[in-house]
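K.L.:
Dropping in input.pdb, with PDB, C-alpha atoms and all ligand atoms.
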```
ATOM      1  CA  MET Z   1       6.246  39.079  -1.708  1.00  0.00           C
ATOM      2  CA  LYS Z   2       2.846  37.425  -2.229  1.00  0.00           C
ATOM      3  CA  ILE Z   3       2.352  34.594  -4.723  1.00  0.00           C
ATOM      4  CA  VAL Z   4      -0.845  32.725  -5.575  1.00  0.00           C
ATOM      5  CA  LEU Z   5      -0.643  28.944  -5.177  1.00  0.00           C
ATOM      6  CA  ALA Z   6      -2.941  27.319  -7.732  1.00  0.00           C
ATOM      7  CA  THR Z   7      -3.949  24.149  -5.931  1.00  0.00           C
ATOM      8  CA  ASN Z   8      -6.978  22.601  -4.257  1.00  0.00           C
ATOM      9  CA  ASN Z   9      -4.824  20.174  -2.263  1.00  0.00           C
ATOM     10  CA  PRO Z  10      -4.680  21.322   1.393  1.00  0.00           C
ATOM     11  CA  HIS Z  11      -1.548  19.227   2.055  1.00  0.00           C
ATOM     12  CA  LYS Z  12       0.342  20.966  -0.734  1.00  0.00           C
ATOM     13  CA  ILE Z  13      -0.794  24.338   0.655  1.00  0.00           C
ATOM     14  CA  GLN Z  14       0.450  23.454   4.129  1.00  0.00           C
ATOM     15  CA  GLU Z  15       3.813  22.190   2.890  1.00  0.00           C
ATOM     16  CA  ALA Z  16       4.369  25.098   0.490  1.00  0.00           C
ATOM     17  CA  GLN Z  17       3.413  27.578   3.226  1.00  0.00           C
ATOM     18  CA  GLU Z  18       5.903  26.020   5.634  1.00  0.00           C
ATOM     19  CA  ILE Z  19       8.683  25.893   3.038  1.00  0.00           C
ATOM     20  CA  LEU Z  20       8.132  29.346   1.549  1.00  0.00           C
ATOM     21  CA  GLN Z  21       7.591  31.067   4.907  1.00  0.00           C
ATOM     22  CA  ASN Z  22      11.122  30.029   5.832  1.00  0.00           C
ATOM     23  CA  LEU Z  23      12.249  31.551   2.552  1.00  0.00           C
ATOM     24  CA  GLY Z  24      10.332  34.834   3.023  1.00  0.00           C
ATOM     25  CA  ILE Z  25       7.568  34.312   0.430  1.00  0.00           C
ATOM     26  CA  GLU Z  26       3.866  34.534   1.365  1.00  0.00           C
ATOM     27  CA  ILE Z  27       1.255  32.299  -0.246  1.00  0.00           C
ATOM     28  CA  LEU Z  28      -2.242  33.378  -1.302  1.00  0.00           C
ATOM     29  CA  THR Z  29      -4.573  30.405  -1.668  1.00  0.00           C
ATOM     30  CA  LEU Z  30      -7.476  30.074  -4.114  1.00  0.00           C
ATOM     31  CA  LYS Z  31      -9.739  30.121  -1.055  1.00  0.00           C
ATOM     32  CA  ASP Z  32      -8.181  33.440   0.073  1.00  0.00           C
ATOM     33  CA  LEU Z  33      -9.153  34.835  -3.346  1.00  0.00           C
ATOM     34  CA  GLY Z  34     -12.666  33.330  -3.320  1.00  0.00           C
ATOM     35  CA  ILE Z  35     -11.887  31.164  -6.352  1.00  0.00           C
ATOM     36  CA  GLU Z  36     -13.565  27.770  -6.691  1.00  0.00           C
ATOM     37  CA  ILE Z  37     -12.327  25.910  -9.712  1.00  0.00           C
ATOM     38  CA  LYS Z  38     -11.516  22.381 -10.799  1.00  0.00           C
ATOM     39  CA  ILE Z  39      -8.926  22.448 -13.560  1.00  0.00           C
ATOM     40  CA  GLU Z  40      -8.876  19.305 -15.676  1.00  0.00           C
ATOM     41  CA  GLU Z  41      -5.403  17.765 -15.667  1.00  0.00           C
ATOM     42  CA  ASP Z  42      -5.418  16.298 -19.152  1.00  0.00           C
ATOM     43  CA  GLN Z  43      -1.768  16.807 -20.120  1.00  0.00           C
ATOM     44  CA  ASN Z  44       0.574  13.821 -20.247  1.00  0.00           C
ATOM     45  CA  THR Z  45       3.513  15.468 -18.450  1.00  0.00           C
ATOM     46  CA  PHE Z  46       3.965  17.050 -15.019  1.00  0.00           C
ATOM     47  CA  GLU Z  47       5.164  20.185 -16.798  1.00  0.00           C
ATOM     48  CA  GLY Z  48       2.092  20.349 -19.033  1.00  0.00           C
ATOM     49  CA  ASN Z  49      -0.299  20.034 -16.098  1.00  0.00           C
ATOM     50  CA  ALA Z  50       1.665  22.515 -13.943  1.00  0.00           C
ATOM     51  CA  ARG Z  51       1.552  25.044 -16.792  1.00  0.00           C
ATOM     52  CA  LYS Z  52      -2.160  24.481 -17.334  1.00  0.00           C
ATOM     53  CA  LYS Z  53      -2.960  25.104 -13.652  1.00  0.00           C
ATOM     54  CA  ALA Z  54      -0.680  28.148 -13.242  1.00  0.00           C
ATOM     55  CA  HIS Z  55      -1.751  29.779 -16.523  1.00  0.00           C
ATOM     56  CA  THR Z  56      -5.461  29.264 -15.840  1.00  0.00           C
ATOM     57  CA  ILE Z  57      -5.220  30.950 -12.438  1.00  0.00           C
ATOM     58  CA  PHE Z  58      -2.932  33.714 -13.724  1.00  0.00           C
ATOM     59  CA  GLU Z  59      -5.486  34.529 -16.459  1.00  0.00           C
ATOM     60  CA  LEU Z  60      -8.187  34.793 -13.787  1.00  0.00           C
ATOM     61  CA  THR Z  61      -6.263  36.848 -11.223  1.00  0.00           C
ATOM     62  CA  GLN Z  62      -3.455  38.594 -13.151  1.00  0.00           C
ATOM     63  CA  LEU Z  63      -1.370  37.898 -10.044  1.00  0.00           C
ATOM     64  CA  PRO Z  64       1.996  36.074 -10.014  1.00  0.00           C
ATOM     65  CA  THR Z  65       1.055  32.411  -9.648  1.00  0.00           C
ATOM     66  CA  ILE Z  66       2.733  29.087  -9.025  1.00  0.00           C
ATOM     67  CA  ALA Z  67       1.234  25.641  -9.586  1.00  0.00           C
ATOM     68  CA  ASP Z  68       2.675  22.316  -8.463  1.00  0.00           C
ATOM     69  CA  ASP Z  69       2.166  19.129 -10.429  1.00  0.00           C
ATOM     70  CA  SER Z  70       3.771  16.201  -8.713  1.00  0.00           C
ATOM     71  CA  GLY Z  71       3.761  12.460  -8.337  1.00  0.00           C
ATOM     72  CA  LEU Z  72       5.562   9.215  -7.764  1.00  0.00           C
ATOM     73  CA  MET Z  73       7.444   7.361 -10.512  1.00  0.00           C
ATOM     74  CA  VAL Z  74       8.263   3.703  -9.859  1.00  0.00           C
ATOM     75  CA  GLU Z  75      11.032   2.106 -11.932  1.00  0.00           C
ATOM     76  CA  ALA Z  76       9.522  -1.406 -12.109  1.00  0.00           C
ATOM     77  CA  LEU Z  77       6.217   0.088 -13.296  1.00  0.00           C
ATOM     78  CA  ASN Z  78       7.814   2.086 -16.116  1.00  0.00           C
ATOM     79  CA  GLY Z  79       7.321   5.371 -14.298  1.00  0.00           C
ATOM     80  CA  GLU Z  80       3.752   4.785 -13.136  1.00  0.00           C
ATOM     81  CA  PRO Z  81       1.719   6.130 -11.402  1.00  0.00           C
ATOM     82  CA  GLY Z  82       3.471   9.306 -12.674  1.00  0.00           C
ATOM     83  CA  VAL Z  83       1.070  12.007 -13.862  1.00  0.00           C
ATOM     84  CA  ASN Z  84      -1.793   9.745 -12.762  1.00  0.00           C
ATOM     85  CA  SER Z  85      -0.598   9.650  -9.139  1.00  0.00           C
ATOM     86  CA  SER Z  86      -3.671  11.327  -7.668  1.00  0.00           C
ATOM     87  CA  CYS Z  87      -6.181   9.013  -9.404  1.00  0.00           C
ATOM     88  CA  TYR Z  88      -4.125   5.803  -9.675  1.00  0.00           C
ATOM     89  CA  ALA Z  89      -6.838   3.580  -8.164  1.00  0.00           C
ATOM     90  CA  GLY Z  90      -9.425   4.780 -10.704  1.00  0.00           C
ATOM     91  CA  GLU Z  91     -12.787   6.525 -10.312  1.00  0.00           C
ATOM     92  CA  GLU Z  92     -13.126   5.955  -6.570  1.00  0.00           C
ATOM     93  CA  HIS Z  93      -9.553   6.875  -5.763  1.00  0.00           C
ATOM     94  CA  ASN Z  94      -8.274   8.088  -2.433  1.00  0.00           C
ATOM     95  CA  TYR Z  95      -4.844   7.993  -0.822  1.00  0.00           C
ATOM     96  CA  GLU Z  96      -5.398   4.595   0.813  1.00  0.00           C
ATOM     97  CA  LYS Z  97      -6.759   2.945  -2.329  1.00  0.00           C
ATOM     98  CA  ASN Z  98      -3.883   4.390  -4.388  1.00  0.00           C
ATOM     99  CA  ASN Z  99      -1.386   2.926  -1.917  1.00  0.00           C
ATOM    100  CA  GLN Z 100      -3.106  -0.470  -1.993  1.00  0.00           C
ATOM    101  CA  LYS Z 101      -3.055  -0.509  -5.780  1.00  0.00           C
ATOM    102  CA  LEU Z 102       0.652   0.381  -5.802  1.00  0.00           C
ATOM    103  CA  LEU Z 103       1.480  -2.480  -3.418  1.00  0.00           C
ATOM    104  CA  LYS Z 104      -0.590  -4.874  -5.533  1.00  0.00           C
ATOM    105  CA  GLU Z 105       1.191  -3.861  -8.743  1.00  0.00           C
ATOM    106  CA  LEU Z 106       4.588  -4.320  -7.060  1.00  0.00           C
ATOM    107  CA  LYS Z 107       3.799  -7.621  -5.338  1.00  0.00           C
ATOM    108  CA  ASP Z 108       5.640  -9.862  -7.795  1.00  0.00           C
ATOM    109  CA  LYS Z 109       8.311  -7.394  -8.890  1.00  0.00           C
ATOM    110  CA  PRO Z 110      11.908  -7.937  -7.745  1.00  0.00           C
ATOM    111  CA  LYS Z 111      13.155  -5.780  -4.879  1.00  0.00           C
ATOM    112  CA  PRO Z 112      14.288  -3.167  -4.092  1.00  0.00           C
ATOM    113  CA  HIS Z 113      11.410  -1.189  -5.559  1.00  0.00           C
ATOM    114  CA  ARG Z 114      13.260   1.920  -6.710  1.00  0.00           C
ATOM    115  CA  ALA Z 115      11.191   5.070  -7.144  1.00  0.00           C
ATOM    116  CA  LYS Z 116      11.354   8.819  -7.215  1.00  0.00           C
ATOM    117  CA  PHE Z 117       9.041  11.655  -6.240  1.00  0.00           C
ATOM    118  CA  VAL Z 118       8.915  14.486  -8.754  1.00  0.00           C
ATOM    119  CA  CYS Z 119       7.594  18.012  -8.252  1.00  0.00           C
ATOM    120  CA  VAL Z 120       7.292  20.430 -11.159  1.00  0.00           C
ATOM    121  CA  ILE Z 121       6.495  24.062 -10.374  1.00  0.00           C
ATOM    122  CA  ASN Z 122       5.378  26.528 -13.018  1.00  0.00           C
ATOM    123  CA  TYR Z 123       5.737  30.213 -12.130  1.00  0.00           C
ATOM    124  CA  LYS Z 124       3.606  32.485 -14.306  1.00  0.00           C
ATOM    125  CA  SER Z 125       3.535  36.261 -14.062  1.00  0.00           C
ATOM    126  CA  LYS Z 126       2.899  39.014 -16.618  1.00  0.00           C
ATOM    127  CA  ILE Z 127       6.380  38.626 -18.067  1.00  0.00           C
ATOM    128  CA  GLU Z 128       7.627  35.314 -16.712  1.00  0.00           C
ATOM    129  CA  ASP Z 129       6.870  31.682 -17.390  1.00  0.00           C
ATOM    130  CA  GLU Z 130       9.407  29.479 -15.630  1.00  0.00           C
ATOM    131  CA  ILE Z 131       9.658  25.797 -14.708  1.00  0.00           C
ATOM    132  CA  PHE Z 132      11.422  24.417 -11.617  1.00  0.00           C
ATOM    133  CA  VAL Z 133      11.883  20.700 -10.947  1.00  0.00           C
ATOM    134  CA  GLY Z 134      12.650  18.867  -7.707  1.00  0.00           C
ATOM    135  CA  GLU Z 135      13.253  15.110  -7.385  1.00  0.00           C
ATOM    136  CA  VAL Z 136      13.952  12.729  -4.512  1.00  0.00           C
ATOM    137  CA  THR Z 137      14.921   9.083  -5.042  1.00  0.00           C
ATOM    138  CA  GLY Z 138      14.121   6.229  -2.690  1.00  0.00           C
ATOM    139  CA  GLU Z 139      12.332   2.907  -2.269  1.00  0.00           C
ATOM    140  CA  ILE Z 140       8.755   1.712  -1.980  1.00  0.00           C
ATOM    141  CA  ILE Z 141       8.399  -0.500   1.090  1.00  0.00           C
ATOM    142  CA  ASP Z 142       6.034  -3.461   1.596  1.00  0.00           C
ATOM    143  CA  GLU Z 143       3.480  -1.915   3.922  1.00  0.00           C
ATOM    144  CA  PRO Z 144       2.511   1.615   4.963  1.00  0.00           C
ATOM    145  CA  ARG Z 145       4.469   3.155   7.851  1.00  0.00           C
ATOM    146  CA  GLY Z 146       3.765   6.480   9.567  1.00  0.00           C
ATOM    147  CA  THR Z 147       0.879   8.927   9.745  1.00  0.00           C
ATOM    148  CA  ASN Z 148       2.381  12.294   8.758  1.00  0.00           C
ATOM    149  CA  GLY Z 149       2.098  13.846   5.342  1.00  0.00           C
ATOM    150  CA  PHE Z 150      -0.271  12.578   2.635  1.00  0.00           C
ATOM    151  CA  GLY Z 151      -0.592  10.459  -0.489  1.00  0.00           C
ATOM    152  CA  TYR Z 152       2.161   7.882  -0.970  1.00  0.00           C
ATOM    153  CA  ASP Z 153       4.224   9.192   1.985  1.00  0.00           C
ATOM    154  CA  PRO Z 154       3.710   6.025   4.133  1.00  0.00           C
ATOM    155  CA  LEU Z 155       5.208   3.835   1.385  1.00  0.00           C
ATOM    156  CA  PHE Z 156       8.190   5.981   0.347  1.00  0.00           C
ATOM    157  CA  LYS Z 157      11.545   5.716   2.100  1.00  0.00           C
ATOM    158  CA  PRO Z 158      13.867   8.450   0.795  1.00  0.00           C
ATOM    159  CA  ASP Z 159      17.512   7.436   0.192  1.00  0.00           C
ATOM    160  CA  GLY Z 160      19.658   8.069   3.261  1.00  0.00           C
ATOM    161  CA  TYR Z 161      16.775   7.612   5.754  1.00  0.00           C
ATOM    162  CA  ASP Z 162      15.391   4.567   7.576  1.00  0.00           C
ATOM    163  CA  ALA Z 163      12.041   6.344   7.970  1.00  0.00           C
ATOM    164  CA  THR Z 164       9.306   6.846   5.390  1.00  0.00           C
ATOM    165  CA  TYR Z 165       8.221  10.386   4.438  1.00  0.00           C
ATOM    166  CA  ALA Z 166       5.167   9.736   6.682  1.00  0.00           C
ATOM    167  CA  GLU Z 167       7.373   8.828   9.666  1.00  0.00           C
ATOM    168  CA  LEU Z 168       9.494  11.949   9.343  1.00  0.00           C
ATOM    169  CA  PRO Z 169       8.295  15.059  11.194  1.00  0.00           C
ATOM    170  CA  SER Z 170       6.929  17.626   8.719  1.00  0.00           C
ATOM    171  CA  ASP Z 171       9.828  20.015   9.319  1.00  0.00           C
ATOM    172  CA  ILE Z 172      12.255  17.334   8.140  1.00  0.00           C
ATOM    173  CA  LYS Z 173      10.184  16.246   5.119  1.00  0.00           C
ATOM    174  CA  ASN Z 174       9.899  19.921   4.207  1.00  0.00           C
ATOM    175  CA  ARG Z 175      13.683  20.343   4.295  1.00  0.00           C
ATOM    176  CA  ILE Z 176      14.469  17.404   1.992  1.00  0.00           C
ATOM    177  CA  SER Z 177      11.418  16.777  -0.192  1.00  0.00           C
ATOM    178  CA  HIS Z 178      10.888  17.013  -3.946  1.00  0.00           C
ATOM    179  CA  ARG Z 179       8.540  19.950  -3.240  1.00  0.00           C
ATOM    180  CA  TYR Z 180      11.193  21.690  -1.133  1.00  0.00           C
ATOM    181  CA  LYS Z 181      13.801  21.256  -3.868  1.00  0.00           C
ATOM    182  CA  ALA Z 182      11.543  22.716  -6.572  1.00  0.00           C
ATOM    183  CA  LEU Z 183      10.386  25.598  -4.349  1.00  0.00           C
ATOM    184  CA  LEU Z 184      13.974  26.377  -3.347  1.00  0.00           C
ATOM    185  CA  LYS Z 185      14.888  26.743  -7.034  1.00  0.00           C
ATOM    186  CA  PHE Z 186      11.888  29.066  -7.457  1.00  0.00           C
ATOM    187  CA  HIS Z 187      13.012  31.100  -4.437  1.00  0.00           C
ATOM    188  CA  ASP Z 188      16.591  31.353  -5.758  1.00  0.00           C
ATOM    189  CA  TYR Z 189      15.261  32.484  -9.129  1.00  0.00           C
ATOM    190  CA  LEU Z 190      13.205  35.271  -7.506  1.00  0.00           C
ATOM    191  CA  SER Z 191      16.116  36.341  -5.283  1.00  0.00           C
ATOM    192  CA  ASN Z 192      18.476  36.599  -8.245  1.00  0.00           C
ATOM    193  CA  LYS Z 193      15.936  38.627 -10.184  1.00  0.00           C
ATOM    194  CA  LEU Z 194      15.487  41.044  -7.295  1.00  0.00           C
ATOM    195  CA  LYS Z 195      19.265  41.443  -7.046  1.00  0.00           C
ATOM    196  CA  LEU Z 196      19.429  42.229 -10.770  1.00  0.00           C
ATOM    197  CA  THR Z 197      16.612  44.794 -10.663  1.00  0.00           C
ATOM    198  CA  CYS Z 198      17.677  46.370  -7.343  1.00  0.00           C
ATOM    199  CA  PRO Z 199      21.488  46.346  -7.020  1.00  0.00           C
ATOM    200  CA  HIS Z 200      21.431  48.214  -3.681  1.00  0.00           C
TER     201      HIS Z 200
HETATM  202  P1  LIG Q   1      -3.865  20.068  -7.340  1.00  0.00           P
HETATM  203  O1  LIG Q   1      -3.861  19.560  -8.768  1.00  0.00           O
HETATM  204  O2  LIG Q   1      -5.107  20.820  -6.997  1.00  0.00           O
HETATM  205  O3  LIG Q   1      -2.608  20.819  -7.022  1.00  0.00           O
HETATM  206  P2  LIG Q   1      -3.620  17.231  -6.706  1.00  0.00           P
HETATM  207  O4  LIG Q   1      -3.537  16.440  -5.424  1.00  0.00           O
HETATM  208  O5  LIG Q   1      -4.618  16.771  -7.736  1.00  0.00           O
HETATM  209  O6  LIG Q   1      -3.870  18.782  -6.343  1.00  0.00           O
HETATM  210  P3  LIG Q   1      -1.484  16.519  -8.521  1.00  0.00           P
HETATM  211  O7  LIG Q   1      -2.375  16.385  -9.685  1.00  0.00           O
HETATM  212  O8  LIG Q   1      -0.161  17.184  -8.695  1.00  0.00           O
HETATM  213  O9  LIG Q   1      -2.185  17.285  -7.315  1.00  0.00           O
HETATM  214  O10 LIG Q   1      -1.266  15.040  -7.945  1.00  0.00           O
HETATM  215  C1  LIG Q   1      -0.329  14.840  -6.990  1.00  0.00           C
HETATM  216  C2  LIG Q   1      -0.492  13.454  -6.414  1.00  0.00           C
HETATM  217  O11 LIG Q   1       0.811  12.861  -6.297  1.00  0.00           O
HETATM  218  C3  LIG Q   1      -1.048  13.543  -4.998  1.00  0.00           C
HETATM  219  O12 LIG Q   1      -2.448  13.415  -4.991  1.00  0.00           O
HETATM  220  C4  LIG Q   1      -0.350  12.386  -4.315  1.00  0.00           C
HETATM  221  O13 LIG Q   1      -1.043  11.196  -4.587  1.00  0.00           O
HETATM  222  C5  LIG Q   1       1.002  12.340  -5.015  1.00  0.00           C
HETATM  223  N1  LIG Q   1       1.986  13.207  -4.320  1.00  0.00           N
HETATM  224  C6  LIG Q   1       2.535  14.373  -4.764  1.00  0.00           C
HETATM  225  N2  LIG Q   1       3.358  14.892  -3.835  1.00  0.00           N
HETATM  226  C7  LIG Q   1       3.334  14.042  -2.801  1.00  0.00           C
HETATM  227  C8  LIG Q   1       3.954  14.020  -1.538  1.00  0.00           C
HETATM  228  O14 LIG Q   1       4.750  14.999  -1.130  1.00  0.00           O
HETATM  229  N3  LIG Q   1       3.710  12.991  -0.736  1.00  0.00           N
HETATM  230  C9  LIG Q   1       2.886  11.986  -1.105  1.00  0.00           C
HETATM  231  N4  LIG Q   1       2.238  11.927  -2.253  1.00  0.00           N
HETATM  232  C10 LIG Q   1       2.450  12.954  -3.111  1.00  0.00           C
END
```
Can the structure in the file be given as structure tokens, please?
P.N.:
Amino acid sequence: MKIVLATNNPHKIQEAQEILQNLGIEILTLKDLGIEIKIEEDQNTFEGNARKKAHTIFELTQLPTIADDSGLMVEALNGEPGVNSSCYAGEEHNYEKNNQKLLKELKDKPKPHRAKFVCVINYKSKIEDEIFVGEVTGEIIDEPRGTNGFGYDPLFKPDGYDATYAELPSDIKNRISHRYKALLKFHDYLSNKLKLTCPH
């Protein structure tokens, strides 16, 4: 089965490809379809932004589409950076500047710095419009560790591991991550539907 992934983030594409390949679902990227688009993420929830991205691309392609809106929520910062995770450092944001800003905001806050990664997937097809959520809890550490992954990975140590997401090999991150959990729910949903429509 082929599903469009409505994202411009190459790291998300790579992770989703790895996760969904193992689950028997093939991804079509916007690049594969010759689509160049920047969708404004102006909603104040992950769900709202995921829906906006998936619906926009579904309207364009009429193909079953998923979109991922995700981010980091830090307890001591009242859930920030949250939906603003990608542009936390402002106009000139990039992954490094976002990480620096996060460390600065947490500098005087009591430890441990509890946090969670959230991934919300919207699946939109002609007749379906479903939401799947994956979360992973952990801690923000004091300085970046590791070079794998992207975004806040070097600062996030998932519960149960001594390594950050960025220190874990990608095949391990992709078996425990917030994105994996949301995509697994999506996969299970599709599998159940296929069983219902094709009992043999
Ligand atoms: P698209 O909207 O095109 O999908 P994006 O990067 O703008 O790409 P989001 O708006 O969902 O995606 O923002 C997600 C941000 O949250 C991302 O830029 C990272 O800063 C952070 N993030 C999400 N998942 C992450 C992960 O697995 N590891 C590290 N950081 C992550």
K.L.:
Could you tell me, as a list of chain:residue names, which residues have any atom at most 9 Å from (-8.9, 27.0, -3.8), counting all atoms listed in the file?
P.N.:
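Every polymer residue passing the test: Z:Leu5, Z:Ala6, Z:Thr7, Z:Asn8, Z:Asn9, Z:Pro10, Z:Thr29, Z:Leu30, Z:Lys31, Z:Asp32, Z:Leu33, Z:Gly34, Z:Ile35, Z:Glu36, Z:Ile37, Z:Lys38.
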K.L.:
Report as a JSON list (two decimals) with C-alpha atoms, in the coordinates of the input the residues that result from applying the PyMOL selection byres (((not hetatm)) within 8 of (chain Q and resi 1)) to the structure here.
P.N.:
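Final file, result-v7.json:
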```
[["chain", "number", "residue", "atom", "x", "y", "z"],
["Z", 6, "ALA", "CA", -2.94, 27.32, -7.73],
["Z", 7, "THR", "CA", -3.95, 24.15, -5.93],
["Z", 8, "ASN", "CA", -6.98, 22.60, -4.26],
["Z", 9, "ASN", "CA", -4.82, 20.17, -2.26],
["Z", 12, "LYS", "CA", 0.34, 20.97, -0.73],
["Z", 38, "LYS", "CA", -11.52, 22.38, -10.80],
["Z", 39, "ILE", "CA", -8.93, 22.45, -13.56],
["Z", 41, "GLU", "CA", -5.40, 17.76, -15.67],
["Z", 46, "PHE", "CA", 3.96, 17.05, -15.02],
["Z", 49, "ASN", "CA", -0.30, 20.03, -16.10],
["Z", 50, "ALA", "CA", 1.66, 22.52, -13.94],
["Z", 53, "LYS", "CA", -2.96, 25.10, -13.65],
["Z", 67, "ALA", "CA", 1.23, 25.64, -9.59],
["Z", 68, "ASP", "CA", 2.68, 22.32, -8.46],
["Z", 69, "ASP", "CA", 2.17, 19.13, -10.43],
["Z", 70, "SER", "CA", 3.77, 16.20, -8.71],
["Z", 71, "GLY", "CA", 3.76, 12.46, -8.34],
["Z", 72, "LEU", "CA", 5.56, 9.22, -7.76],
["Z", 82, "GLY", "CA", 3.47, 9.31, -12.67],
["Z", 83, "VAL", "CA", 1.07, 12.01, -13.86],
["Z", 84, "ASN", "CA", -1.79, 9.74, -12.76],
["Z", 85, "SER", "CA", -0.60, 9.65, -9.14],
["Z", 86, "SER", "CA", -3.67, 11.33, -7.67],
["Z", 87, "CYS", "CA", -6.18, 9.01, -9.40],
["Z", 95, "TYR", "CA", -4.84, 7.99, -0.82],
["Z", 98, "ASN", "CA", -3.88, 4.39, -4.39],
["Z", 117, "PHE", "CA", 9.04, 11.66, -6.24],
["Z", 118, "VAL", "CA", 8.91, 14.49, -8.75],
["Z", 119, "CYS", "CA", 7.59, 18.01, -8.25],
["Z", 149, "GLY", "CA", 2.10, 13.85, 5.34],
["Z", 150, "PHE", "CA", -0.27, 12.58, 2.64],
["Z", 151, "GLY", "CA", -0.59, 10.46, -0.49],
["Z", 152, "TYR", "CA", 2.16, 7.88, -0.97],
["Z", 153, "ASP", "CA", 4.22, 9.19, 1.98],
["Z", 154, "PRO", "CA", 3.71, 6.02, 4.13],
["Z", 165, "TYR", "CA", 8.22, 10.39, 4.44],
["Z", 177, "SER", "CA", 11.42, 16.78, -0.19],
["Z", 178, "HIS", "CA", 10.89, 17.01, -3.95],
["Z", 179, "ARG", "CA", 8.54, 19.95, -3.24]]
```
K.L.:
Please indicate the distance in Å from CA of His11 in chain Z to CA of Asn174 in chain Z, rounded to one decimal place.
P.N.:
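Between CA of His11 in chain Z and CA of Asn174 in chain Z the gap is 11.7 Å.
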K.L.:
So that I can check the surroundings of Phe58 in chain Z, please list as an MDAnalysis selection string every protein, DNA and RNA residue that reaches within 12 Å of it, counting all atoms listed in the file and ignoring chain neighbours fewer than 3 positions away.
P.N.:
chainID Z and resid 3:6 30 35 51:55 61:67 122:129
K.L.:
Dump C-alpha atoms for the selected residues as an mmCIF file, in the coordinates of the input?
P.N.:
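That gives us again28.cif:
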```
data_model
loop_
_atom_site.group_PDB
_atom_site.id
_atom_site.type_symbol
_atom_site.label_atom_id
_atom_site.label_comp_id
_atom_site.auth_asym_id
_atom_site.auth_seq_id
_atom_site.Cartn_x
_atom_site.Cartn_y
_atom_site.Cartn_z
ATOM 1 C CA ILE Z 3 2.352 34.594 -4.723
ATOM 2 C CA VAL Z 4 -0.845 32.725 -5.575
ATOM 3 C CA LEU Z 5 -0.643 28.944 -5.177
ATOM 4 C CA ALA Z 6 -2.941 27.319 -7.732
ATOM 5 C CA LEU Z 30 -7.476 30.074 -4.114
ATOM 6 C CA ILE Z 35 -11.887 31.164 -6.352
ATOM 7 C CA ARG Z 51 1.552 25.044 -16.792
ATOM 8 C CA LYS Z 52 -2.160 24.481 -17.334
ATOM 9 C CA LYS Z 53 -2.960 25.104 -13.652
ATOM 10 C CA ALA Z 54 -0.680 28.148 -13.242
ATOM 11 C CA HIS Z 55 -1.751 29.779 -16.523
ATOM 12 C CA THR Z 61 -6.263 36.848 -11.223
ATOM 13 C CA GLN Z 62 -3.455 38.594 -13.151
ATOM 14 C CA LEU Z 63 -1.370 37.898 -10.044
ATOM 15 C CA PRO Z 64 1.996 36.074 -10.014
ATOM 16 C CA THR Z 65 1.055 32.411 -9.648
ATOM 17 C CA ILE Z 66 2.733 29.087 -9.025
ATOM 18 C CA ALA Z 67 1.234 25.641 -9.586
ATOM 19 C CA ASN Z 122 5.378 26.528 -13.018
ATOM 20 C CA TYR Z 123 5.737 30.213 -12.130
ATOM 21 C CA LYS Z 124 3.606 32.485 -14.306
ATOM 22 C CA SER Z 125 3.535 36.261 -14.062
ATOM 23 C CA LYS Z 126 2.899 39.014 -16.618
ATOM 24 C CA ILE Z 127 6.380 38.626 -18.067
ATOM 25 C CA GLU Z 128 7.627 35.314 -16.712
ATOM 26 C CA ASP Z 129 6.870 31.682 -17.390
#
```
K.L.:
Using all atoms listed in the file, which protein or nucleic acid residues come within 12 Å of Leu20 in chain Z? Drop anything in the same chain fewer than 2 positions from it, and give the result as an NGL selection string.
P.N.:
:Z and (1-5 or 12-18 or 22-28 or 66 or 174-175 or 179-188 or 190)
K.L.:
I would like the residues chosen by the PyMOL selection byres (((chain Z and resi 135-148) around 6) and not hetatm) on the shown file; could you give them as a PyMOL selection string?
P.N.:
chain Z and resi 113-118+134+149+154-159+166-167+178
K.L.:
Which residue out of Z:Val133, Z:Val120, Z:Leu77, Z:Tyr189 has the minimum interatomic distance to Lys101 in chain Z when all atoms listed in the file are used?
P.N.:
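So, comparing all the options, the nearest one is Z:Leu77.
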